[in-house]
Each structure stands twice: as C-alpha cells, then as structure tokens.
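The file upload_3.cif contains mmCIF, C-alpha atoms:
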```
data_work
loop_
_atom_site.label_atom_id
_atom_site.label_comp_id
_atom_site.auth_asym_id
_atom_site.auth_seq_id
_atom_site.Cartn_x
_atom_site.Cartn_y
_atom_site.Cartn_z
CA MET W 1 81.00 100.96 111.42
CA LYS W 2 82.31 99.06 114.41
CA LEU W 3 82.60 101.43 117.35
CA ALA W 4 83.99 101.01 120.86
CA ILE W 5 82.87 103.40 123.60
CA LEU W 6 85.55 103.53 126.28
CA SER W 7 83.63 103.95 129.53
CA ARG W 8 83.64 102.63 133.08
CA ALA W 9 79.98 103.59 133.48
CA PRO W 10 77.99 101.50 130.94
CA HIS W 11 74.66 102.42 132.57
CA ALA W 12 75.30 106.19 132.70
CA TYR W 13 72.95 108.38 130.67
CA SER W 14 75.62 109.58 128.23
CA THR W 15 77.00 106.11 127.56
CA GLN W 16 73.53 104.66 127.04
CA ARG W 17 72.49 107.47 124.68
CA LEU W 18 75.64 107.12 122.58
CA ARG W 19 75.19 103.37 122.39
CA SER W 20 71.52 103.56 121.39
CA ALA W 21 72.25 106.30 118.82
CA ALA W 22 74.92 104.11 117.21
CA GLU W 23 72.74 100.99 117.22
CA SER W 24 69.74 102.84 115.77
CA ARG W 25 71.93 103.84 112.84
CA GLY W 26 72.93 100.25 112.15
CA HIS W 27 76.41 100.39 113.65
CA THR W 28 78.02 97.68 115.77
CA VAL W 29 78.91 99.14 119.16
CA LYS W 30 80.55 97.82 122.33
CA VAL W 31 81.04 99.56 125.67
CA LEU W 32 84.50 98.60 126.94
CA ASN W 33 85.89 99.29 130.41
CA THR W 34 88.99 101.43 129.90
CA LEU W 35 90.83 99.81 132.82
CA ARG W 36 90.43 96.29 131.42
CA PHE W 37 92.75 96.95 128.49
CA ALA W 38 96.33 95.70 128.48
CA ILE W 39 98.75 97.56 126.21
CA ASP W 40 100.95 95.15 124.25
CA LEU W 41 104.28 96.64 123.25
CA SER W 42 106.15 93.37 122.80
CA GLY W 43 105.61 92.84 119.05
CA ASP W 44 106.52 94.65 115.86
CA GLU W 45 103.04 96.19 115.64
CA PRO W 46 101.16 98.04 118.42
CA ASP W 47 98.35 95.96 119.88
CA LEU W 48 95.82 95.78 122.70
CA GLN W 49 94.30 93.02 124.77
CA TYR W 50 90.92 93.23 126.47
CA ARG W 51 90.07 91.02 129.43
CA GLY W 52 93.07 88.84 128.60
CA ARG W 53 92.21 88.33 124.94
CA LEU W 54 93.48 89.92 121.75
CA LEU W 55 91.21 92.82 120.85
CA SER W 56 89.24 92.49 117.62
CA ASP W 57 89.37 95.19 114.96
CA TYR W 58 87.46 98.45 115.43
CA ASP W 59 86.87 101.32 113.02
CA ALA W 60 86.64 103.97 115.72
CA ILE W 61 86.62 104.59 119.46
CA LEU W 62 84.81 107.23 121.50
CA PRO W 63 86.75 107.91 124.72
CA ARG W 64 84.78 108.74 127.88
CA ILE W 65 87.81 109.05 130.14
CA GLY W 66 87.15 110.11 133.74
CA ASN W 67 89.46 112.41 135.68
CA SER W 68 90.58 109.68 138.05
CA ILE W 69 92.04 107.53 135.25
CA THR W 70 93.40 110.20 132.93
CA TYR W 71 96.93 108.77 132.76
CA TYR W 72 95.95 105.18 132.01
CA GLY W 73 92.98 106.18 129.88
CA THR W 74 95.04 108.41 127.59
CA ALA W 75 97.66 105.66 127.29
CA VAL W 76 94.93 103.34 125.95
CA VAL W 77 93.66 106.01 123.56
CA ARG W 78 97.21 106.64 122.35
CA GLN W 79 97.61 102.93 121.64
CA PHE W 80 94.44 102.94 119.53
CA GLU W 81 95.88 105.91 117.62
CA GLN W 82 99.07 103.90 116.99
CA MET W 83 96.84 101.15 115.58
CA ASP W 84 95.23 103.66 113.16
CA VAL W 85 91.83 103.44 114.85
CA TYR W 86 89.96 106.75 114.53
CA THR W 87 89.22 108.75 117.66
CA PRO W 88 87.55 112.19 117.67
CA ASN W 89 89.50 113.12 120.80
CA THR W 90 93.20 112.35 120.76
CA ALA W 91 95.23 111.41 123.82
CA ASN W 92 97.05 114.74 123.64
CA GLY W 93 93.78 116.62 123.35
CA ILE W 94 92.36 114.89 126.43
CA THR W 95 95.56 115.52 128.40
CA ASN W 96 95.73 119.18 127.38
CA SER W 97 92.13 119.91 128.33
CA ARG W 98 92.25 117.94 131.58
CA ASP W 99 95.06 120.09 133.00
CA LYS W 100 93.49 123.49 133.73
CA LEU W 101 96.84 125.29 133.75
CA ARG W 102 98.06 123.70 130.52
CA ALA W 103 94.73 124.40 128.81
CA THR W 104 94.83 128.06 129.88
CA GLN W 105 98.42 128.40 128.66
CA ILE W 106 97.54 126.93 125.26
CA LEU W 107 94.37 128.99 124.74
CA SER W 108 96.07 132.21 125.85
CA ARG W 109 98.37 132.04 122.81
CA HIS W 110 95.44 131.99 120.35
CA ASN W 111 93.50 135.16 121.22
CA ILE W 112 90.78 133.28 123.07
CA GLY W 113 88.98 135.45 125.62
CA MET W 114 89.40 134.10 129.16
CA PRO W 115 89.14 135.39 132.73
CA ARG W 116 92.46 136.90 133.81
CA THR W 117 94.47 134.12 135.39
CA ALA W 118 97.65 133.73 137.44
CA PHE W 119 99.57 130.75 138.78
CA VAL W 120 102.14 131.09 141.54
CA ASN W 121 104.01 128.84 143.92
CA SER W 122 105.54 131.20 146.45
CA ARG W 123 103.61 132.82 149.28
CA ALA W 124 105.44 136.07 148.50
CA ASP W 125 103.90 136.17 145.00
CA VAL W 126 100.26 135.60 145.98
CA ARG W 127 99.29 139.22 146.73
CA MET W 128 100.82 140.45 143.47
CA ALA W 129 99.02 137.69 141.55
CA ILE W 130 95.71 138.79 143.06
CA GLU W 131 96.38 142.37 141.96
CA ARG W 132 97.36 141.24 138.44
CA VAL W 133 93.99 139.57 137.88
CA GLY W 134 92.14 142.67 139.04
CA GLY W 135 92.03 142.34 142.83
CA ALA W 136 89.47 140.79 145.16
CA PRO W 137 87.09 139.14 144.89
CA VAL W 138 88.95 136.34 143.10
CA VAL W 139 88.14 132.77 142.17
CA ILE W 140 90.55 130.09 143.39
CA LYS W 141 90.55 126.82 141.43
CA LEU W 142 92.21 123.50 142.17
CA LEU W 143 93.89 122.20 139.02
CA GLU W 144 92.38 118.76 139.58
CA GLY W 145 88.83 119.87 140.49
CA THR W 146 85.73 118.80 138.53
CA GLN W 147 81.99 119.54 138.56
CA GLY W 148 82.53 122.70 140.60
CA ILE W 149 84.48 120.91 143.35
CA GLY W 150 87.62 122.81 144.29
CA VAL W 151 86.32 126.19 143.07
CA ILE W 152 86.27 128.85 145.79
CA LEU W 153 85.19 132.49 145.70
CA ALA W 154 87.35 134.61 148.00
CA PRO W 155 85.71 138.02 148.70
CA GLU W 156 88.82 139.68 150.11
CA ALA W 157 92.55 139.54 149.35
CA LYS W 158 93.45 138.47 152.92
CA ILE W 159 90.97 135.60 152.77
CA ALA W 160 92.30 134.57 149.36
CA GLU W 161 95.85 134.55 150.70
CA SER W 162 94.85 132.36 153.63
CA ILE W 163 92.99 129.90 151.40
CA ILE W 164 95.86 129.65 148.93
CA GLU W 165 98.43 129.25 151.71
CA THR W 166 96.36 126.43 153.22
CA LEU W 167 95.98 124.67 149.87
CA HIS W 168 99.68 125.05 149.10
CA SER W 169 100.52 123.50 152.49
CA THR W 170 98.63 120.36 151.40
CA LYS W 171 100.61 120.26 148.11
CA GLN W 172 97.63 121.45 146.04
CA ASN W 173 98.23 123.57 142.94
CA VAL W 174 95.72 126.36 142.35
CA LEU W 175 94.85 128.95 139.75
CA ILE W 176 93.90 132.50 140.73
CA GLN W 177 91.28 134.01 138.41
CA SER W 178 89.39 137.25 138.17
CA PHE W 179 85.76 137.14 139.29
CA VAL W 180 83.47 138.07 136.39
CA ALA W 181 80.73 139.82 138.36
CA GLU W 182 78.33 140.29 135.45
CA SER W 183 78.22 136.50 134.95
CA ARG W 184 77.74 135.56 138.59
CA GLY W 185 75.83 132.31 138.87
CA ARG W 186 75.48 131.83 135.10
CA ASP W 187 77.53 130.28 132.34
CA ILE W 188 77.07 128.72 128.92
CA ARG W 189 77.89 125.16 127.87
CA ALA W 190 78.36 124.74 124.10
CA LEU W 191 78.59 121.20 122.75
CA VAL W 192 81.05 121.20 119.85
CA VAL W 193 81.11 118.37 117.31
CA GLY W 194 83.63 118.74 114.51
CA ASP W 195 83.55 122.34 113.31
CA ARG W 196 80.16 123.39 114.66
CA VAL W 197 78.16 123.85 117.85
CA VAL W 198 75.35 121.27 117.79
CA ALA W 199 73.65 122.42 121.02
CA ALA W 200 74.03 125.07 123.70
CA MET W 201 72.50 125.71 127.10
CA ARG W 202 72.75 128.30 129.83
CA ARG W 203 73.33 127.01 133.36
CA VAL W 204 71.98 129.07 136.24
CA ALA W 205 73.13 128.57 139.83
CA SER W 206 70.73 127.93 142.67
CA GLY W 207 70.25 130.63 145.33
CA ASP W 208 73.44 132.39 146.41
CA GLU W 209 75.67 129.71 144.86
CA PHE W 210 78.06 131.25 142.30
CA ARG W 211 78.89 127.89 140.67
CA SER W 212 76.34 126.96 138.04
CA ASN W 213 77.17 123.25 137.74
CA VAL W 214 74.10 121.02 137.48
CA HIS W 215 75.73 118.71 140.04
CA ARG W 216 75.47 121.61 142.50
CA GLY W 217 71.75 122.17 141.98
CA GLY W 218 71.92 124.52 139.00
CA THR W 219 69.17 124.67 136.40
CA VAL W 220 69.55 124.67 132.61
CA GLU W 221 67.81 126.36 129.72
CA LYS W 222 68.23 126.33 125.95
CA VAL W 223 70.15 129.27 124.50
CA GLU W 224 70.82 130.50 120.97
CA LEU W 225 74.46 131.51 120.62
CA THR W 226 75.73 134.49 118.68
CA ALA W 227 78.37 133.93 116.00
CA GLU W 228 80.99 135.29 118.42
CA PHE W 229 80.20 132.67 121.06
CA GLU W 230 80.03 129.87 118.47
CA GLU W 231 83.41 130.80 117.04
CA ALA W 232 85.00 130.95 120.52
CA ALA W 233 83.64 127.50 121.36
CA VAL W 234 84.67 125.82 118.10
CA ARG W 235 88.14 127.39 118.05
CA SER W 236 88.79 126.46 121.68
CA ALA W 237 87.88 122.82 121.07
CA GLN W 238 90.00 122.63 117.93
CA ILE W 239 92.98 124.32 119.56
CA MET W 240 92.81 121.69 122.31
CA GLY W 241 92.79 118.93 119.69
CA LEU W 242 89.21 117.83 120.46
CA ARG W 243 86.51 117.13 117.88
CA VAL W 244 83.88 116.41 120.53
CA ALA W 245 83.92 118.77 123.50
CA GLY W 246 81.86 120.76 125.96
CA VAL W 247 83.11 124.34 126.11
CA ASP W 248 82.12 126.36 129.18
CA MET W 249 81.99 130.13 128.74
CA LEU W 250 81.08 133.14 130.83
CA GLU W 251 79.06 135.99 129.35
CA GLY W 252 81.53 138.81 129.88
CA LYS W 253 80.66 142.44 129.16
CA ASP W 254 83.05 142.39 126.18
CA GLY W 255 82.11 138.94 124.87
CA PRO W 256 82.68 135.25 125.63
CA LEU W 257 85.22 134.21 128.25
CA VAL W 258 86.23 130.56 127.99
CA MET W 259 86.57 128.83 131.35
CA GLU W 260 87.06 125.18 130.46
CA VAL W 261 87.10 122.70 127.57
CA ASN W 262 85.71 119.31 128.62
CA SER W 263 86.77 116.24 126.64
CA SER W 264 84.01 113.99 128.07
CA PRO W 265 80.96 116.27 128.30
CA GLY W 266 77.80 114.89 129.85
CA LEU W 267 74.81 114.72 127.51
CA GLU W 268 71.85 114.49 129.89
CA GLY W 269 71.52 118.15 130.83
CA ILE W 270 72.05 119.55 127.35
CA GLU W 271 69.79 117.04 125.57
CA ARG W 272 66.95 117.65 128.03
CA ALA W 273 67.39 121.42 127.93
CA THR W 274 67.48 121.63 124.12
CA GLY W 275 65.49 118.58 123.03
CA LEU W 276 68.23 117.87 120.46
CA ASP W 277 69.78 114.52 119.55
CA VAL W 278 73.34 115.41 120.57
CA ALA W 279 74.39 111.76 120.82
CA GLY W 280 73.23 111.18 117.26
CA ALA W 281 75.25 114.16 116.02
CA ILE W 282 78.38 112.72 117.65
CA ILE W 283 77.85 109.27 116.12
CA ASP W 284 77.14 110.74 112.66
CA PHE W 285 80.34 112.79 112.83
CA ILE W 286 82.45 109.76 113.76
CA ASP W 287 80.82 107.71 110.98
CA ASN W 288 81.64 110.41 108.41
CA GLN W 289 85.25 110.56 109.58
CA VAL W 290 85.65 106.79 109.35
CA GLY W 291 84.15 106.83 105.85
CA PHE W 292 86.13 109.85 104.65
CA PRO W 293 88.86 110.73 107.15
CA GLU W 294 90.49 114.13 107.31
CA ILE W 295 94.24 114.18 106.76
CA ASP W 296 96.44 115.77 109.37
CA VAL W 297 98.53 117.78 106.94
CA ARG W 298 101.08 118.56 109.63
CA GLN W 299 102.03 114.92 110.09
CA ARG W 300 100.86 112.85 107.16
CA LEU W 301 101.17 114.89 103.97
CA SER W 302 104.33 114.13 101.97
CA VAL W 303 105.24 117.03 99.66
CA SER W 304 108.21 118.20 97.65
CA THR W 305 111.17 119.64 99.52
CA GLY W 306 110.59 123.25 100.42
CA TYR W 307 106.80 123.05 100.16
CA GLY W 308 104.24 122.63 102.91
CA VAL W 309 100.99 123.76 104.48
CA ALA W 310 100.74 126.77 106.81
CA GLU W 311 98.20 129.22 108.17
CA LEU W 312 98.68 132.89 107.37
CA VAL W 313 96.86 135.67 109.22
CA VAL W 314 95.93 138.85 107.35
CA HIS W 315 96.92 141.69 109.67
CA SER W 316 95.33 145.13 109.47
CA ASN W 317 98.48 146.71 108.00
CA ALA W 318 99.09 143.98 105.42
CA ASP W 319 99.40 145.01 101.76
CA VAL W 320 96.76 142.48 100.70
CA VAL W 321 93.90 143.99 102.75
CA GLY W 322 91.20 145.19 100.37
CA LYS W 323 92.62 143.21 97.44
CA SER W 324 91.10 140.16 95.80
CA LEU W 325 92.92 136.85 95.89
CA ARG W 326 93.59 137.35 92.17
CA ASP W 327 95.38 140.67 92.81
CA SER W 328 97.00 139.73 96.12
CA GLY W 329 100.16 138.37 94.51
CA LEU W 330 99.88 135.03 96.31
CA TRP W 331 99.63 132.96 93.16
CA GLU W 332 102.70 134.68 91.70
CA ARG W 333 104.57 133.64 94.85
CA ASP W 334 103.52 130.00 94.31
CA ILE W 335 101.02 130.05 97.21
CA THR W 336 97.56 128.48 96.87
CA VAL W 337 94.81 129.33 99.37
CA LEU W 338 93.02 126.11 100.35
CA THR W 339 90.59 127.55 102.90
CA LEU W 340 89.70 131.03 104.12
CA HIS W 341 88.46 131.44 107.72
CA ARG W 342 86.59 134.69 108.39
CA GLY W 343 85.04 134.97 111.83
CA ALA W 344 82.76 131.98 112.26
CA SER W 345 82.59 131.40 108.48
CA VAL W 346 84.72 128.93 106.55
CA ILE W 347 85.18 129.36 102.78
CA PRO W 348 86.77 126.26 101.21
CA ASN W 349 88.66 126.74 97.93
CA PRO W 350 87.84 130.47 97.79
CA ARG W 351 87.31 132.05 94.36
CA SER W 352 89.83 134.45 92.92
CA GLY W 353 87.45 137.39 93.32
CA VAL W 354 87.16 137.09 97.11
CA VAL W 355 88.42 140.33 98.72
CA LEU W 356 90.70 139.85 101.72
CA GLU W 357 89.86 141.51 105.02
CA SER W 358 91.85 142.19 108.18
CA GLY W 359 91.66 139.19 110.50
CA ASP W 360 91.19 136.60 107.74
CA ARG W 361 93.05 133.34 108.33
CA LEU W 362 94.30 131.59 105.20
CA LEU W 363 95.20 127.90 105.13
CA CYS W 364 97.75 127.81 102.32
CA PHE W 365 99.89 125.35 100.39
CA GLY W 366 103.06 126.57 98.81
CA ARG W 367 106.75 127.32 99.08
CA LEU W 368 107.61 127.55 102.77
CA GLU W 369 110.19 130.31 102.36
CA GLU W 370 107.66 132.51 100.56
CA MET W 371 105.02 131.96 103.26
CA ARG W 372 107.56 132.53 106.02
CA SER W 373 108.54 135.87 104.48
CA MET W 374 104.92 137.04 104.79
CA ILE W 375 104.83 136.63 108.56
CA PRO W 376 105.59 139.92 110.38
CA ASP W 377 108.64 140.05 112.61
CA ARG W 378 107.80 138.92 116.10
CA ARG W 379 107.51 141.83 118.48
CA ARG W 380 109.95 141.85 121.33
CA ARG W 381 108.39 141.39 124.75
CA ARG W 382 108.60 144.65 126.61
CA ALA W 383 108.92 144.76 130.36
CA LYS W 384 105.73 145.93 131.99
CA VAL W 385 105.91 148.52 134.73
CA ARG W 386 103.07 148.29 137.22
CA LYS W 387 102.27 150.39 140.22
CA LEU W 388 101.91 147.96 143.06
CA PRO W 389 99.82 148.58 146.15
CA LYS W 390 101.67 149.03 149.40
CA ALA W 391 100.78 145.52 150.61
CA ALA W 392 102.20 144.00 147.45
CA LYS W 393 105.43 145.99 147.79
CA GLU W 394 105.82 144.78 151.35
CA ALA W 395 105.27 141.19 150.16
CA LEU W 396 108.42 141.50 148.01
CA THR W 397 110.51 141.60 151.17
CA GLU W 398 109.03 138.37 152.59
CA ASP W 399 110.94 135.07 152.57
#
```

Could you show the structure in this file as structure tokens?
Amino acid sequence: MKLAILSRAPHAYSTQRLRSAAESRGHTVKVLNTLRFAIDLSGDEPDLQYRGRLLSDYDAILPRIGNSITYYGTAVVRQFEQMDVYTPNTANGITNSRDKLRATQILSRHNIGMPRTAFVNSRADVRMAIERVGGAPVVIKLLEGTQGIGVILAPEAKIAESIIETLHSTKQNVLIQSFVAESRGRDIRALVVGDRVVAAMRRVASGDEFRSNVHRGGTVEKVELTAEFEEAAVRSAQIMGLRVAGVDMLEGKDGPLVMEVNSSPGLEGIERATGLDVAGAIIDFIDNQVGFPEIDVRQRLSVSTGYGVAELVVHSNADVVGKSLRDSGLWERDITVLTLHRGASVIPNPRSGVVLESGDRLLCFGRLEEMRSMIPDRRRRRAKVRKLPKAAKEALTED
C-alpha cells in the first residue's frame, strides 16, 4: 500500500508513530504538508499538484488536519475523494466534527447521550437558555476552541450572562451546556477505528481544574469500557462519518455523555496510558479497506427501480417483537435482512431463527415502498410549556 499522511507536523509523536507503523508493515508512506497541495480543477479529471509537481498515485491518505486549516485541509481531502483515493475520514466527517454546534445537532438526532446544550444569539435569550440546560453552574464553550481552550465554568447565572455577553460582543459564538457534577475533572477518551474501540483511557484533571485535557496538566490512566460506553463511542464516530476518531465522554450518572468527536486524535497519551499499538491498528484498518473496500450503499449501489437499502428500527410496540426472522413476514414482503445491530453487537447475515427484540436495528435490502410502510408515522412536535423563573420572564421584555 502507498499511503500519504497529510500533516504539517512531520516530527510530532502521532505522525511519527503512524509513519513507523506503516513502514514496519512494509507499506510505502510519505508525510505531505497539507498546505503545499494545489487543487487542479482545469481538466476533465480531478487532480492534485504537490510542491508544483503532479502528484503521484496513492492508495490511501490519512488526514491529520489541524483546526487552523480546516477549510483548506478538507478541500484537499475532498479532492482525494474525487480521485477515488481511500480516506478513513471524509471531508464531510472532518467538517461535521470540527464544528461543535453542527456535531451536537447531528448527534442529538440519533439518541446519543450528551450534556444538555443550548445555543442562542440574543442577550434576551441567555437566561432562558441557562434554565433549559438545568441552571447554574453551566459550562460555556467557544465553538472554535480546542484542547480545553475556550471552555469556561460559570458558577452562577449572572456570571454566565456576563461572560456570554462579553464573548458575543467580540463576535464569538458559544454553546451553553449543563455542568455534569459527578464527572468533574474526569472524562474518557475512546479511540475508535472502524467499528470498534481499540483503546480507551480516563483523563483526570490536575488540582481544582475541571478540564481534564492533558495539555492542561491532566493525567491519564487505562480504562476498560463497558459495552454501553463502547457502543456510544463507535456510533458517535460513525454518525459523524469518521472511521478513525477520538470520542470524549463524561461518566454521567445515567451512562455515557458524549462531549466531542475528534477527527485527528493525538496518540501519545493513549498509547502510553494503555501500552497498545494504536497507530498499528489504524494502519491495519486502512490497509484492509484498500484491499477490500466497503461500498457506500447509499451512493454507489445500482439496483432495480423501486429497490434499495434502508435501516429499520424495531420499536417496542412493533408486531415483529418476539418473532423469529422466519416468522416476521419480512421475506414475504420481499425484504432481506443484511445485518442486525443489537446494542454493541453486530450480527451479519442473521439466521432465520434469530428472534427480534425491541431496539434492534436492521440493515435491509428490498422494495422501498414495503420498507417505508413499516416506519411508524412521525410524531408531531408538541409545544412544551415550561414554568420560567421570574428573572427569565423579565428577560422576555428586554430589547
């Protein structure tokens, strides 16, 4: 395999480990500065130049795109995609995960546990937003912040309002999130590669610091994840469109709360904490994909008119709960179950005797009209009536 690592830091720990892991496995690998590419859109076929010369052929790329060059970096990745060069992290996946608001919006539609979050623009809406996430103390996050920079804990609502007003005056966009007290100073980083967690560590903040980032003096320790935490990490990465990702989670009293999905996770802390060859796992995954690539059935599978691939969720009140696939009636409706997802387990090509349970997710191929008829009617959104505190009611009258 000929691999290009897109990185502006060739001597960084992560870049060096990925390079050495690839070379030790007999692959040809180059570290290429993302900003030295020129995107060529003048011909009939998409192309790239590097340092003024036509780029040679590569089997795969591994993007290590920093926050400061997200726009240009994702444009380069997108061009590689147009050239049919494999990348574990797509340009859309990187863009989605890099924008904290967009990432939260996407994950919130897929039953991923997260701290309660609000986003407002008007000063008059700030107090109500604070109440909606559970009241003070609240965490205020800059949308563009990284490594714990731009994350502020406001102990009181008045202080939070002042901080947000100041940030808004400097044209900064911020998220308002609930403070998860039981997780103060601790979080979990799970390194997802493909459809599994290859390593996980717990980060613990130093002293009174509530941010556990290693860059802020935090310490790390190896941790064994429960199936619930593994599933949350893998699903979050896949929903973002990332096959290699660091998923940061808080240990909430009711389970994992996803804070962030990182498309260029650092490897130093997690490899030293766990003693695992994370870089090697990433290289092996890319090699397997180049040798036997997965097909994006949504974009690349040509089928007969009226047929397609869709995911069906088995709801608790569905007629098929408690029935085997053989007796479910799916085959009679010209629907074939390709894969069954149950919690953190994946059952490819499930046998006819498998009994369906509430919460199962079925990846199916069949007649689209039949599959569409099995989806429950979408519930209408009902207006929510909340009792607002006096201060919030008064804020409604402000300009």

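For the set W:Ser328, W:Gln289, W:Thr104, W:Thr170, the residue with the smallest atom-to-atom gap to Glu357 in chain W is W:Ser328, counting all atoms listed in the file.
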
(request) Convert the output of the PyMOL selection byres ((chain W and resi 179) around 7) on the shown file into explicit residues, formatted as a ChimeraX atom specification. (result) /W:137-139,177-178,180-181

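The gap separating CA of Ala91 in chain W from CA of Tyr71 in chain W is 9.5 Å, in Å to one decimal.
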
(request) List the residues matched by the PyMOL selection byres ((chain W and resi 341) around 9) in the displayed structure as a list in words, ordered by chain and then by residue number. (result)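 Selected by the PyMOL selection byres ((chain W and resi 341) around 9) in this file: Thr339, Leu340, Arg342, Gly343, Ala344, Ser345, Val346, Ile347, Pro348, Gly359, Asp360, Arg361, Leu362 and Leu363 of chain W.
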
(message) Please determine, counting only C-alpha atoms, which residue among W:Ala38, W:Met1, W:Val247, W:Ala124 has the shortest atom-to-atom distance to Gly26 in chain W.
(response)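 The answer is W:Met1, which sits nearest to Gly26 in chain W.
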
(request) May I ask for the distance between CA of Val193 in chain W and CA of Thr70 in chain W, given in Å to one decimal place? (result)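 Pair CA of Val193 in chain W / CA of Thr70 in chain W returns 21.5 Å.
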
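Our summary of the geometry notes that CA of Ser24 in chain W is positioned 13.9 Å from CA of Val278 in chain W.
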
(message) With all atoms listed in the file as the counted atoms, please give the residues lying no more than 12 Å from Ala281 in chain W, apart from itself and same-chain residues fewer than 5 positions off, as a ChimeraX atom specification.
(response) /W:17-18,21-22,25,191-199,243-244,267,271,276,286-288

(request) For Tyr307 in chain W, work out the shell of residues within 7 Å, counting all atoms listed in the file and skipping chain neighbours fewer than 6 positions away, then give it as a ChimeraX atom specification. (result) /W:366-368

(message) Using only C-alpha atoms, can you tell me which of W:Lys141, W:Ser324, W:Arg53, W:Arg186 comes closest to Thr219 in chain W?
(response)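 Among the listed residues, the smallest separation from Thr219 in chain W belongs to W:Arg186.
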
(message) Please expand the PyMOL selection byres ((chain W and resi 157) around 10) into the concrete residues it hits in this file, giving the result as a list of chain:residue names.
(response) W:Val126, W:Arg127, W:Ile130, W:Glu131, W:Gly135, W:Ala136, W:Pro137, W:Val138, W:Ala154, W:Pro155, W:Glu156, W:Lys158, W:Ile159, W:Ala160, W:Glu161, W:Ser162, W:Ile163
